[in-house]
Amino acid sequence: MPSVTTVPGRWPLIGHTVTMLRNPVEFLSSLSTRGDVVKVFLGPLPVHLVTTPELALKLLASDKFDKGIVFDKMRPLFGNGLATSNGAFNQRQRRMVLPAFHRTRVAAYAEAVITSLATELRDSWHDGRRLRFDAVMQDFVMTVAGRTLFSAELGPEVLAEIKRSVPIMLERVLVRAFSPSFVEKLPLRANREFDEAAARLRAIIPEVVVGARKEGADHGDLLSALLAARDADTGEAMTDEQVHDEVVTILTTGAETTAVALAWFFHEVGTRPAVRQRFHDEVDAVLGDRPATFGDVAKLEYTGRVINEVLRRTPPIILMRRAREDVEIGGVLVKKGSEIAVSQHTLHRDPRWFPDPDGFDPDRWEPSKAADLPKGAFIPFGAGSRFCPGHLLAHTEIAIAAATIATRWDLVPVAGQRVHAQVKATMQPNQLPMTAQSRKRSA
(Lines give C-alpha, C1' and ligand atoms only; values in the text may rest on other atoms or scores of the structure.)
Protein backbone atom coordinates (compact mmCIF):
# COMPACT_ATOMS: atom_id res chain seq x y z
CA MET A 1 0.00 0.00 0.00
CA PRO A 2 1.20 3.57 -0.66
CA SER A 3 2.96 5.57 2.04
CA VAL A 4 1.18 8.49 3.69
CA THR A 5 2.45 12.05 3.38
CA THR A 6 3.30 13.69 6.70
CA VAL A 7 2.24 17.33 6.62
CA PRO A 8 5.27 19.68 6.80
CA GLY A 9 5.84 21.82 9.88
CA ARG A 10 6.00 19.12 12.55
CA TRP A 11 7.78 20.24 15.76
CA PRO A 12 9.57 17.87 18.17
CA LEU A 13 7.27 16.61 20.95
CA ILE A 14 4.38 19.00 20.12
CA GLY A 15 3.92 17.91 16.50
CA HIS A 16 1.52 20.11 14.52
CA THR A 17 -0.58 21.12 17.55
CA VAL A 18 0.75 24.67 17.93
CA THR A 19 0.61 25.31 14.18
CA MET A 20 -2.95 24.06 14.00
CA LEU A 21 -4.16 26.00 17.03
CA ARG A 22 -2.40 29.20 15.91
CA ASN A 23 -4.05 29.33 12.48
CA PRO A 24 -6.46 26.40 12.12
CA VAL A 25 -8.29 27.66 9.03
CA GLU A 26 -5.12 28.06 6.99
CA PHE A 27 -3.57 24.83 8.27
CA LEU A 28 -6.62 22.63 7.79
CA SER A 29 -7.65 24.17 4.46
CA SER A 30 -4.25 23.27 3.01
CA LEU A 31 -4.49 19.55 3.72
CA SER A 32 -6.56 18.54 0.67
CA THR A 33 -3.69 19.63 -1.60
CA ARG A 34 -1.37 17.06 0.01
CA GLY A 35 -3.40 13.91 -0.57
CA ASP A 36 -6.64 12.05 0.11
CA VAL A 37 -5.13 10.73 3.35
CA VAL A 38 -2.38 12.65 5.16
CA LYS A 39 -0.65 12.32 8.52
CA VAL A 40 -0.49 14.99 11.20
CA PHE A 41 0.85 14.80 14.75
CA LEU A 42 -1.08 15.98 17.81
CA GLY A 43 1.81 16.22 20.18
CA PRO A 44 3.65 12.92 19.70
CA LEU A 45 0.49 11.14 18.50
CA PRO A 46 0.26 10.34 14.75
CA VAL A 47 -3.19 10.89 13.26
CA HIS A 48 -4.32 9.93 9.76
CA LEU A 49 -6.64 12.56 8.35
CA VAL A 50 -8.95 11.99 5.36
CA THR A 51 -9.60 14.95 3.05
CA THR A 52 -12.28 13.87 0.54
CA PRO A 53 -16.07 13.68 0.93
CA GLU A 54 -16.10 10.01 -0.09
CA LEU A 55 -13.57 9.00 2.55
CA ALA A 56 -15.20 11.22 5.17
CA LEU A 57 -18.48 9.37 4.73
CA LYS A 58 -16.71 6.01 4.74
CA LEU A 59 -14.99 6.89 8.00
CA LEU A 60 -18.04 8.30 9.76
CA ALA A 61 -20.46 5.62 8.62
CA SER A 62 -18.22 2.62 9.31
CA ASP A 63 -18.64 0.40 12.38
CA LYS A 64 -14.90 -0.30 12.25
CA PHE A 65 -14.09 2.90 14.12
CA ASP A 66 -14.74 4.07 17.67
CA LYS A 67 -14.40 7.56 19.11
CA GLY A 68 -10.76 8.63 19.37
CA ILE A 69 -8.39 10.12 21.91
CA VAL A 70 -10.16 13.48 22.18
CA PHE A 71 -13.26 11.71 23.42
CA ASP A 72 -11.21 9.54 25.78
CA LYS A 73 -10.11 12.70 27.53
CA MET A 74 -13.63 14.11 27.54
CA ARG A 75 -15.31 10.98 28.88
CA PRO A 76 -14.33 11.26 32.58
CA LEU A 77 -15.69 14.79 32.58
CA PHE A 78 -18.69 14.59 30.23
CA GLY A 79 -19.73 11.04 30.99
CA ASN A 80 -20.68 8.28 28.57
CA GLY A 81 -23.25 10.08 26.43
CA LEU A 82 -23.76 10.03 22.69
CA ALA A 83 -20.70 12.17 22.00
CA THR A 84 -18.29 9.86 23.83
CA SER A 85 -19.76 6.33 23.88
CA ASN A 86 -19.12 3.52 21.41
CA GLY A 87 -20.55 0.31 19.99
CA ALA A 88 -23.85 -1.25 20.96
CA PHE A 89 -24.28 1.07 23.95
CA ASN A 90 -24.02 4.13 21.71
CA GLN A 91 -26.56 2.68 19.28
CA ARG A 92 -28.95 1.94 22.14
CA GLN A 93 -28.62 5.45 23.54
CA ARG A 94 -29.11 6.99 20.11
CA ARG A 95 -32.37 5.09 19.61
CA MET A 96 -33.60 6.30 23.00
CA VAL A 97 -32.50 9.92 22.56
CA LEU A 98 -33.82 10.46 19.03
CA PRO A 99 -37.51 10.84 20.03
CA ALA A 100 -36.55 13.85 22.18
CA PHE A 101 -35.50 15.62 18.96
CA HIS A 102 -38.42 14.54 16.78
CA ARG A 103 -39.92 17.28 14.64
CA THR A 104 -43.05 17.50 16.81
CA ARG A 105 -40.91 17.92 19.92
CA VAL A 106 -38.75 20.58 18.26
CA ALA A 107 -41.91 22.47 17.23
CA ALA A 108 -43.06 22.36 20.85
CA TYR A 109 -39.69 23.62 22.13
CA ALA A 110 -39.85 26.44 19.59
CA GLU A 111 -43.33 27.47 20.68
CA ALA A 112 -42.71 27.18 24.42
CA VAL A 113 -39.17 28.53 24.63
CA ILE A 114 -37.30 29.76 21.57
CA THR A 115 -39.76 32.28 20.15
CA SER A 116 -40.58 33.78 23.54
CA LEU A 117 -36.93 34.13 24.61
CA ALA A 118 -35.95 35.60 21.22
CA THR A 119 -38.77 38.12 21.58
CA GLU A 120 -37.68 39.04 25.11
CA LEU A 121 -34.13 39.58 23.88
CA ARG A 122 -35.27 41.71 20.94
CA ASP A 123 -37.44 43.86 23.17
CA SER A 124 -34.71 44.39 25.78
CA TRP A 125 -32.49 46.63 23.63
CA HIS A 126 -32.67 50.34 22.89
CA ASP A 127 -31.57 52.19 19.78
CA GLY A 128 -27.82 52.74 19.71
CA ARG A 129 -27.04 50.16 22.39
CA ARG A 130 -23.56 48.69 22.03
CA LEU A 131 -23.46 44.95 22.63
CA ARG A 132 -20.74 42.39 23.15
CA PHE A 133 -22.72 40.31 20.73
CA ASP A 134 -20.85 37.01 21.05
CA ALA A 135 -21.48 37.03 24.81
CA VAL A 136 -25.13 38.03 24.25
CA MET A 137 -25.66 35.09 21.90
CA GLN A 138 -23.93 32.68 24.28
CA ASP A 139 -26.15 33.80 27.16
CA PHE A 140 -29.25 33.55 24.96
CA VAL A 141 -28.45 30.04 23.72
CA MET A 142 -27.55 28.79 27.20
CA THR A 143 -30.87 30.14 28.45
CA VAL A 144 -32.70 28.36 25.64
CA ALA A 145 -30.77 25.15 26.36
CA GLY A 146 -31.57 25.33 30.06
CA ARG A 147 -35.29 25.95 29.57
CA THR A 148 -35.54 23.40 26.77
CA LEU A 149 -33.89 20.79 28.94
CA PHE A 150 -35.52 21.77 32.21
CA SER A 151 -38.85 23.50 32.56
CA ALA A 152 -38.75 26.88 34.32
CA GLU A 153 -40.21 25.26 37.43
CA LEU A 154 -37.45 22.64 37.58
CA GLY A 155 -34.31 24.43 36.67
CA PRO A 156 -33.52 28.05 37.64
CA GLU A 157 -30.50 27.01 39.71
CA VAL A 158 -29.37 24.61 37.01
CA LEU A 159 -29.68 27.37 34.40
CA ALA A 160 -27.46 29.66 36.48
CA GLU A 161 -24.86 26.90 36.85
CA ILE A 162 -25.00 26.12 33.13
CA LYS A 163 -24.20 29.73 32.28
CA ARG A 164 -21.37 29.74 34.80
CA SER A 165 -19.69 26.39 34.16
CA VAL A 166 -20.27 25.31 30.57
CA PRO A 167 -18.39 28.27 28.98
CA ILE A 168 -15.38 27.54 31.21
CA MET A 169 -15.31 23.91 30.11
CA LEU A 170 -15.75 24.74 26.43
CA GLU A 171 -13.04 27.38 26.48
CA ARG A 172 -10.42 24.86 27.58
CA VAL A 173 -11.57 21.46 26.35
CA LEU A 174 -9.83 21.44 22.95
CA VAL A 175 -6.37 22.45 24.20
CA ARG A 176 -6.78 19.98 27.06
CA ALA A 177 -7.80 17.20 24.68
CA PHE A 178 -4.87 17.79 22.32
CA SER A 179 -2.25 18.14 25.07
CA PRO A 180 -0.17 15.29 26.51
CA SER A 181 -1.84 13.61 29.47
CA PHE A 182 0.62 14.96 32.03
CA VAL A 183 -0.43 18.56 31.25
CA GLU A 184 -3.91 18.11 32.71
CA LYS A 185 -2.36 16.96 35.99
CA LEU A 186 -0.26 20.09 36.44
CA PRO A 187 -1.39 22.57 39.14
CA LEU A 188 -2.41 25.18 36.57
CA ARG A 189 -5.25 27.65 37.02
CA ALA A 190 -6.84 26.52 33.75
CA ASN A 191 -6.89 22.90 34.93
CA ARG A 192 -8.33 23.82 38.31
CA GLU A 193 -11.11 25.96 36.84
CA PHE A 194 -11.96 23.27 34.28
CA ASP A 195 -12.16 20.51 36.89
CA GLU A 196 -14.19 22.64 39.28
CA ALA A 197 -16.69 23.57 36.57
CA ALA A 198 -17.11 19.93 35.55
CA ALA A 199 -17.56 18.91 39.19
CA ARG A 200 -20.25 21.54 39.76
CA LEU A 201 -22.25 20.29 36.78
CA ARG A 202 -21.84 16.69 37.90
CA ALA A 203 -23.18 17.67 41.31
CA ILE A 204 -26.20 19.77 40.38
CA ILE A 205 -27.66 18.01 37.35
CA PRO A 206 -28.24 14.63 39.06
CA GLU A 207 -30.31 16.42 41.72
CA VAL A 208 -32.67 17.66 39.02
CA VAL A 209 -32.78 14.27 37.27
CA VAL A 210 -33.69 12.47 40.48
CA GLY A 211 -36.31 15.09 41.34
CA ALA A 212 -37.90 14.97 37.90
CA ARG A 213 -38.04 11.17 37.89
CA LYS A 214 -39.66 11.15 41.31
CA GLU A 215 -42.25 13.74 40.21
CA GLY A 216 -43.07 11.70 37.10
CA ALA A 217 -44.72 14.55 35.17
CA ASP A 218 -44.09 15.38 31.51
CA HIS A 219 -43.21 19.06 31.39
CA GLY A 220 -42.74 18.97 27.63
CA ASP A 221 -39.01 19.51 28.03
CA LEU A 222 -36.03 17.45 26.89
CA LEU A 223 -35.46 16.00 30.35
CA SER A 224 -39.00 14.61 30.40
CA ALA A 225 -38.45 13.02 27.00
CA LEU A 226 -35.18 11.41 28.14
CA LEU A 227 -36.79 10.05 31.30
CA ALA A 228 -39.72 8.64 29.33
CA ALA A 229 -37.51 6.92 26.73
CA ARG A 230 -37.54 3.12 26.68
CA ASP A 231 -35.28 0.61 24.98
CA ALA A 232 -37.32 -0.98 22.18
CA ASP A 233 -35.81 -4.42 22.83
CA THR A 234 -35.88 -4.58 26.63
CA GLY A 235 -38.37 -1.90 27.67
CA GLU A 236 -35.78 -0.52 30.09
CA ALA A 237 -35.40 3.17 30.83
CA MET A 238 -32.11 5.03 31.12
CA THR A 239 -30.54 5.12 34.54
CA ASP A 240 -30.14 8.47 36.27
CA GLU A 241 -26.44 8.40 35.35
CA GLN A 242 -27.22 7.83 31.68
CA VAL A 243 -29.73 10.69 31.65
CA HIS A 244 -27.14 12.92 33.33
CA ASP A 245 -24.54 12.09 30.68
CA GLU A 246 -26.93 12.87 27.83
CA VAL A 247 -27.89 16.18 29.44
CA VAL A 248 -24.23 17.18 29.75
CA THR A 249 -23.64 16.09 26.15
CA ILE A 250 -26.48 18.30 24.91
CA LEU A 251 -25.22 21.28 26.90
CA THR A 252 -21.57 20.96 25.92
CA THR A 253 -22.01 20.20 22.21
CA GLY A 254 -25.23 21.56 20.78
CA ALA A 255 -25.50 24.79 22.73
CA GLU A 256 -22.01 26.02 21.96
CA THR A 257 -22.28 25.31 18.22
CA THR A 258 -25.57 27.20 18.03
CA ALA A 259 -24.26 30.22 19.94
CA VAL A 260 -21.20 30.52 17.73
CA ALA A 261 -23.29 30.18 14.56
CA LEU A 262 -25.67 32.94 15.68
CA ALA A 263 -22.79 35.28 16.50
CA TRP A 264 -21.13 34.71 13.11
CA PHE A 265 -24.51 35.01 11.34
CA PHE A 266 -24.93 38.62 12.39
CA HIS A 267 -21.27 39.43 11.77
CA GLU A 268 -21.46 38.14 8.21
CA VAL A 269 -24.79 39.85 7.54
CA GLY A 270 -23.59 43.07 9.15
CA THR A 271 -20.45 43.30 7.01
CA ARG A 272 -22.17 42.56 3.68
CA PRO A 273 -24.76 45.16 2.60
CA ALA A 274 -26.22 43.06 -0.23
CA VAL A 275 -26.68 40.01 2.02
CA ARG A 276 -28.14 42.19 4.78
CA GLN A 277 -30.67 43.76 2.43
CA ARG A 278 -31.89 40.42 1.08
CA PHE A 279 -32.11 39.00 4.61
CA HIS A 280 -34.11 42.00 5.84
CA ASP A 281 -36.39 41.93 2.80
CA GLU A 282 -37.22 38.28 3.43
CA VAL A 283 -37.85 38.85 7.15
CA ASP A 284 -40.16 41.76 6.34
CA ALA A 285 -42.05 39.78 3.69
CA VAL A 286 -42.53 36.68 5.85
CA LEU A 287 -42.91 38.18 9.34
CA GLY A 288 -43.64 41.89 9.17
CA ASP A 289 -42.97 42.98 12.73
CA ARG A 290 -44.04 39.78 14.52
CA PRO A 291 -41.65 37.21 16.02
CA ALA A 292 -40.74 34.11 14.03
CA THR A 293 -42.28 30.73 14.86
CA PHE A 294 -41.49 27.16 13.93
CA GLY A 295 -43.91 27.35 11.02
CA ASP A 296 -41.97 30.28 9.55
CA VAL A 297 -38.61 28.51 9.36
CA ALA A 298 -39.32 26.76 6.05
CA LYS A 299 -40.49 30.05 4.53
CA LEU A 300 -37.28 31.83 5.51
CA GLU A 301 -35.43 30.32 2.56
CA TYR A 302 -32.69 32.92 2.13
CA THR A 303 -32.14 32.96 5.89
CA GLY A 304 -31.54 29.21 5.67
CA ARG A 305 -28.93 29.76 2.97
CA VAL A 306 -27.11 32.27 5.17
CA ILE A 307 -27.17 29.75 8.03
CA ASN A 308 -25.66 27.05 5.80
CA GLU A 309 -22.92 29.39 4.64
CA VAL A 310 -22.10 30.30 8.25
CA LEU A 311 -21.97 26.59 9.16
CA ARG A 312 -19.74 25.92 6.16
CA ARG A 313 -17.22 28.54 7.23
CA THR A 314 -17.13 27.97 11.00
CA PRO A 315 -17.65 24.27 11.78
CA PRO A 316 -16.17 22.35 14.72
CA ILE A 317 -12.49 21.88 14.10
CA ILE A 318 -12.10 18.08 13.86
CA LEU A 319 -13.83 14.72 14.35
CA MET A 320 -11.61 11.99 15.79
CA ARG A 321 -11.96 8.22 15.43
CA ARG A 322 -9.91 5.14 16.39
CA ALA A 323 -9.64 1.96 14.32
CA ARG A 324 -11.17 -1.06 16.07
CA GLU A 325 -9.31 -3.37 13.69
CA ASP A 326 -6.89 -3.14 10.79
CA VAL A 327 -8.77 -1.30 8.05
CA GLU A 328 -7.99 0.07 4.62
CA ILE A 329 -9.20 3.54 3.75
CA GLY A 330 -8.21 5.52 0.68
CA GLY A 331 -5.62 2.90 -0.21
CA VAL A 332 -3.91 3.32 3.16
CA LEU A 333 -3.74 0.63 5.83
CA VAL A 334 -4.77 2.02 9.22
CA LYS A 335 -3.67 -0.34 11.96
CA LYS A 336 -5.89 -1.33 14.88
CA GLY A 337 -5.74 1.30 17.63
CA SER A 338 -4.55 4.06 15.29
CA GLU A 339 -6.16 7.48 15.37
CA ILE A 340 -7.90 8.79 12.26
CA ALA A 341 -9.85 12.00 11.74
CA VAL A 342 -11.80 14.19 9.37
CA SER A 343 -11.74 17.97 9.45
CA GLN A 344 -14.90 19.76 8.38
CA HIS A 345 -12.70 22.77 7.59
CA THR A 346 -10.76 20.72 5.04
CA LEU A 347 -13.97 19.63 3.31
CA HIS A 348 -15.91 22.88 3.65
CA ARG A 349 -13.13 25.00 2.11
CA ASP A 350 -12.12 22.69 -0.70
CA PRO A 351 -12.29 24.75 -3.94
CA ARG A 352 -13.25 21.63 -5.89
CA TRP A 353 -16.67 21.71 -4.22
CA PHE A 354 -16.86 25.33 -3.08
CA PRO A 355 -15.52 27.90 -5.59
CA ASP A 356 -14.02 30.92 -3.81
CA PRO A 357 -14.04 28.95 -0.55
CA ASP A 358 -12.95 31.93 1.58
CA GLY A 359 -15.79 34.06 0.24
CA PHE A 360 -19.24 34.31 1.81
CA ASP A 361 -21.89 33.38 -0.75
CA PRO A 362 -25.33 32.23 0.49
CA ASP A 363 -26.41 31.65 -3.09
CA ARG A 364 -24.13 28.63 -3.33
CA TRP A 365 -26.94 26.98 -1.33
CA GLU A 366 -29.59 27.49 -3.99
CA PRO A 367 -31.20 24.04 -4.39
CA SER A 368 -29.91 23.53 -7.93
CA LYS A 369 -26.33 24.31 -6.88
CA ALA A 370 -26.40 22.47 -3.56
CA ALA A 371 -27.70 19.34 -5.33
CA ASP A 372 -24.41 19.08 -7.22
CA LEU A 373 -22.31 18.81 -4.06
CA PRO A 374 -20.88 15.33 -3.42
CA LYS A 375 -22.23 13.68 -0.32
CA GLY A 376 -19.86 14.35 2.55
CA ALA A 377 -18.66 17.73 1.30
CA PHE A 378 -20.81 19.56 3.85
CA ILE A 379 -20.99 17.89 7.28
CA PRO A 380 -21.43 20.56 9.98
CA PHE A 381 -23.38 18.06 12.13
CA GLY A 382 -21.31 15.00 11.28
CA ALA A 383 -22.54 12.13 9.13
CA GLY A 384 -23.41 8.47 9.14
CA SER A 385 -24.41 6.73 12.35
CA ARG A 386 -22.95 9.60 14.39
CA PHE A 387 -25.04 12.34 12.76
CA CYS A 388 -26.03 14.86 15.43
CA PRO A 389 -29.64 14.20 16.51
CA GLY A 390 -30.06 17.86 17.49
CA HIS A 391 -29.45 19.30 14.01
CA LEU A 392 -33.10 20.31 13.46
CA LEU A 393 -33.29 21.99 16.86
CA ALA A 394 -30.08 23.93 16.18
CA HIS A 395 -31.22 25.14 12.74
CA THR A 396 -34.63 26.07 14.12
CA GLU A 397 -33.15 28.06 16.99
CA ILE A 398 -30.74 29.96 14.74
CA ALA A 399 -33.44 30.82 12.20
CA ILE A 400 -36.05 31.91 14.76
CA ALA A 401 -33.61 34.00 16.78
CA ALA A 402 -32.00 35.67 13.75
CA ALA A 403 -35.29 36.53 12.06
CA THR A 404 -36.99 37.72 15.26
CA ILE A 405 -34.11 40.04 16.11
CA ALA A 406 -34.10 41.37 12.53
CA THR A 407 -37.76 42.40 12.68
CA ARG A 408 -36.61 45.37 14.76
CA TRP A 409 -32.83 45.69 14.71
CA ASP A 410 -29.97 46.12 12.32
CA LEU A 411 -26.82 44.87 14.07
CA VAL A 412 -23.91 47.03 12.92
CA PRO A 413 -20.29 45.98 13.57
CA VAL A 414 -18.31 48.55 15.57
CA ALA A 415 -15.77 50.22 13.30
CA GLY A 416 -12.06 49.60 13.87
CA GLN A 417 -12.48 46.28 15.69
CA ARG A 418 -10.65 43.32 14.12
CA VAL A 419 -12.76 40.18 14.32
CA HIS A 420 -11.23 36.77 13.69
CA ALA A 421 -11.92 33.15 14.59
CA GLN A 422 -10.14 31.56 17.53
CA VAL A 423 -10.03 27.90 18.38
CA LYS A 424 -11.82 26.69 21.47
CA ALA A 425 -14.33 23.87 21.28
CA THR A 426 -15.59 25.61 18.14
CA MET A 427 -14.46 28.54 15.95
CA GLN A 428 -15.47 31.38 18.25
CA PRO A 429 -14.98 35.04 17.36
CA ASN A 430 -12.25 36.72 19.38
CA GLN A 431 -14.63 39.63 19.95
CA LEU A 432 -17.83 40.80 18.36
CA PRO A 433 -18.86 44.32 19.41
CA MET A 434 -22.01 45.40 17.56
CA THR A 435 -24.46 48.28 17.82
CA ALA A 436 -28.22 47.74 17.70
CA GLN A 437 -29.81 50.25 15.35
CA SER A 438 -33.55 50.32 14.80
CA ARG A 439 -34.59 49.86 11.20
CA LYS A 440 -37.64 50.47 9.09
CA ARG A 441 -39.36 47.56 7.43
CA SER A 442 -39.16 47.19 3.67
CA ALA A 443 -42.13 48.46 1.72
# chains A, B, ... in the order shown; residues from 1 in each chain; ligands from 1
>>> closest_atom_pairs(of="region 31-116 of chain A", to="region 341-353 of chain A", cutoff="10 Å", atoms="only C-alpha atoms", output="Markdown table")
| residue | atom | partner | partner_atom | distance |
| --- | --- | --- | --- | --- |
| A:Leu31 | CA | A:Thr346 | CA | 6.5 |
| A:Ser32 | CA | A:Thr346 | CA | 6.4 |
| A:Thr33 | CA | A:Asp350 | CA | 9.0 |
| A:Val37 | CA | A:Val342 | CA | 9.6 |
| A:Val38 | CA | A:Ala341 | CA | 10.0 |
| A:Lys39 | CA | A:Ala341 | CA | 9.8 |
| A:Val40 | CA | A:Ala341 | CA | 9.8 |
| A:Val47 | CA | A:Ala341 | CA | 6.9 |
| A:His48 | CA | A:Ala341 | CA | 6.2 |
| A:Leu49 | CA | A:Ala341 | CA | 4.7 |
| A:Val50 | CA | A:Val342 | CA | 5.4 |
| A:Thr51 | CA | A:Thr346 | CA | 6.2 |
| A:Thr52 | CA | A:Leu347 | CA | 6.6 |
| A:Pro53 | CA | A:Leu347 | CA | 6.7 |
| A:Leu55 | CA | A:Val342 | CA | 8.8 |
| A:Ala56 | CA | A:Val342 | CA | 6.2 |
| A:Leu57 | CA | A:Val342 | CA | 9.5 |
| A:Leu59 | CA | A:Val342 | CA | 8.1 |
| A:Leu60 | CA | A:Val342 | CA | 8.6 |
| A:Lys67 | CA | A:Ala341 | CA | 9.7 |
| A:Gly68 | CA | A:Ala341 | CA | 8.4 |
>>> select_by_dssp(residues="region 95-275 of chain A", states="alpha helix (DSSP H)", output="number ranges by chain")
A: 95-97, 103-109, 115-123, 133-149, 156-178, 189-215, 222-228, 240-249, 255-270, 273-275
>>> closest_residue(among="A:Cys388, A:Val166, A:Ile400, A:Leu131", to="Pro413 (chain A)", atoms="only C-alpha atoms")
A:Leu131
>>> select_by_dssp(residues="region 227-410 of chain A", states="strand (DSSP E or B)", output="PyMOL selection string")
chain A and resi 319-323+327-329+332-334+339-342+409-410
>>> write_last_selection(atoms="N, CA and C atoms", output="tab-separated table (two decimals), in the first residue's frame")
chain	number	residue	atom	x	y	z
A	319	LEU	N	-13.14	15.89	13.81
A	319	LEU	CA	-13.83	14.72	14.35
A	319	LEU	C	-12.83	13.58	14.40
A	320	MET	N	-12.62	13.03	15.59
A	320	MET	CA	-11.61	11.99	15.79
A	320	MET	C	-12.26	10.61	15.87
A	321	ARG	N	-11.55	9.62	15.35
A	321	ARG	CA	-11.96	8.22	15.43
A	321	ARG	C	-10.74	7.35	15.72
A	322	ARG	N	-10.98	6.10	16.13
A	322	ARG	CA	-9.91	5.14	16.39
A	322	ARG	C	-10.29	3.81	15.74
A	323	ALA	N	-9.36	3.22	15.01
A	323	ALA	CA	-9.64	1.96	14.32
A	323	ALA	C	-9.81	0.82	15.32
A	327	VAL	N	-7.79	-1.68	9.07
A	327	VAL	CA	-8.77	-1.30	8.05
A	327	VAL	C	-8.09	-0.47	6.98
A	328	GLU	N	-8.51	-0.70	5.75
A	328	GLU	CA	-7.99	0.07	4.62
A	328	GLU	C	-8.95	1.21	4.30
A	329	ILE	N	-8.38	2.40	4.13
A	329	ILE	CA	-9.20	3.54	3.75
A	329	ILE	C	-8.38	4.44	2.83
A	332	VAL	N	-4.87	3.28	2.06
A	332	VAL	CA	-3.91	3.32	3.16
A	332	VAL	C	-4.36	2.34	4.24
A	333	LEU	N	-3.43	1.55	4.74
A	333	LEU	CA	-3.74	0.63	5.83
A	333	LEU	C	-3.63	1.37	7.16
A	334	VAL	N	-4.74	1.41	7.89
A	334	VAL	CA	-4.77	2.02	9.22
A	334	VAL	C	-4.81	0.87	10.23
A	339	GLU	N	-5.22	6.36	15.41
A	339	GLU	CA	-6.16	7.48	15.37
A	339	GLU	C	-6.34	7.95	13.92
A	340	ILE	N	-7.58	8.28	13.59
A	340	ILE	CA	-7.90	8.79	12.26
A	340	ILE	C	-8.96	9.87	12.43
A	341	ALA	N	-8.98	10.84	11.54
A	341	ALA	CA	-9.85	12.00	11.74
A	341	ALA	C	-10.32	12.55	10.41
A	342	VAL	N	-11.34	13.39	10.50
A	342	VAL	CA	-11.80	14.19	9.37
A	342	VAL	C	-12.00	15.61	9.90
A	409	TRP	N	-34.18	45.14	14.57
A	409	TRP	CA	-32.83	45.69	14.71
A	409	TRP	C	-31.94	45.37	13.52
A	410	ASP	N	-31.10	46.31	13.21
A	410	ASP	CA	-29.97	46.12	12.32
A	410	ASP	C	-28.73	46.10	13.20
>>> closest_residue(among="A:Val412, A:Val419, A:Leu432, A:Leu373", to="Arg129 (chain A)", atoms="only C-alpha atoms")
A:Val412
>>> atom_distance(atom1="CA of Glu196 (chain A)", atom2="CA of Leu251 (chain A)")
16.6 Å
>>> closest_residue(among="A:Lys299, A:Lys73, A:Lys163, A:Arg230", to="Glu184 (chain A)", atoms="only C-alpha atoms")
A:Lys73
>>> closest_residue(among="A:Asp221, A:Leu121, A:Asp195, A:Ala371", to="Phe133 (chain A)", atoms="only C-alpha atoms")
A:Leu121
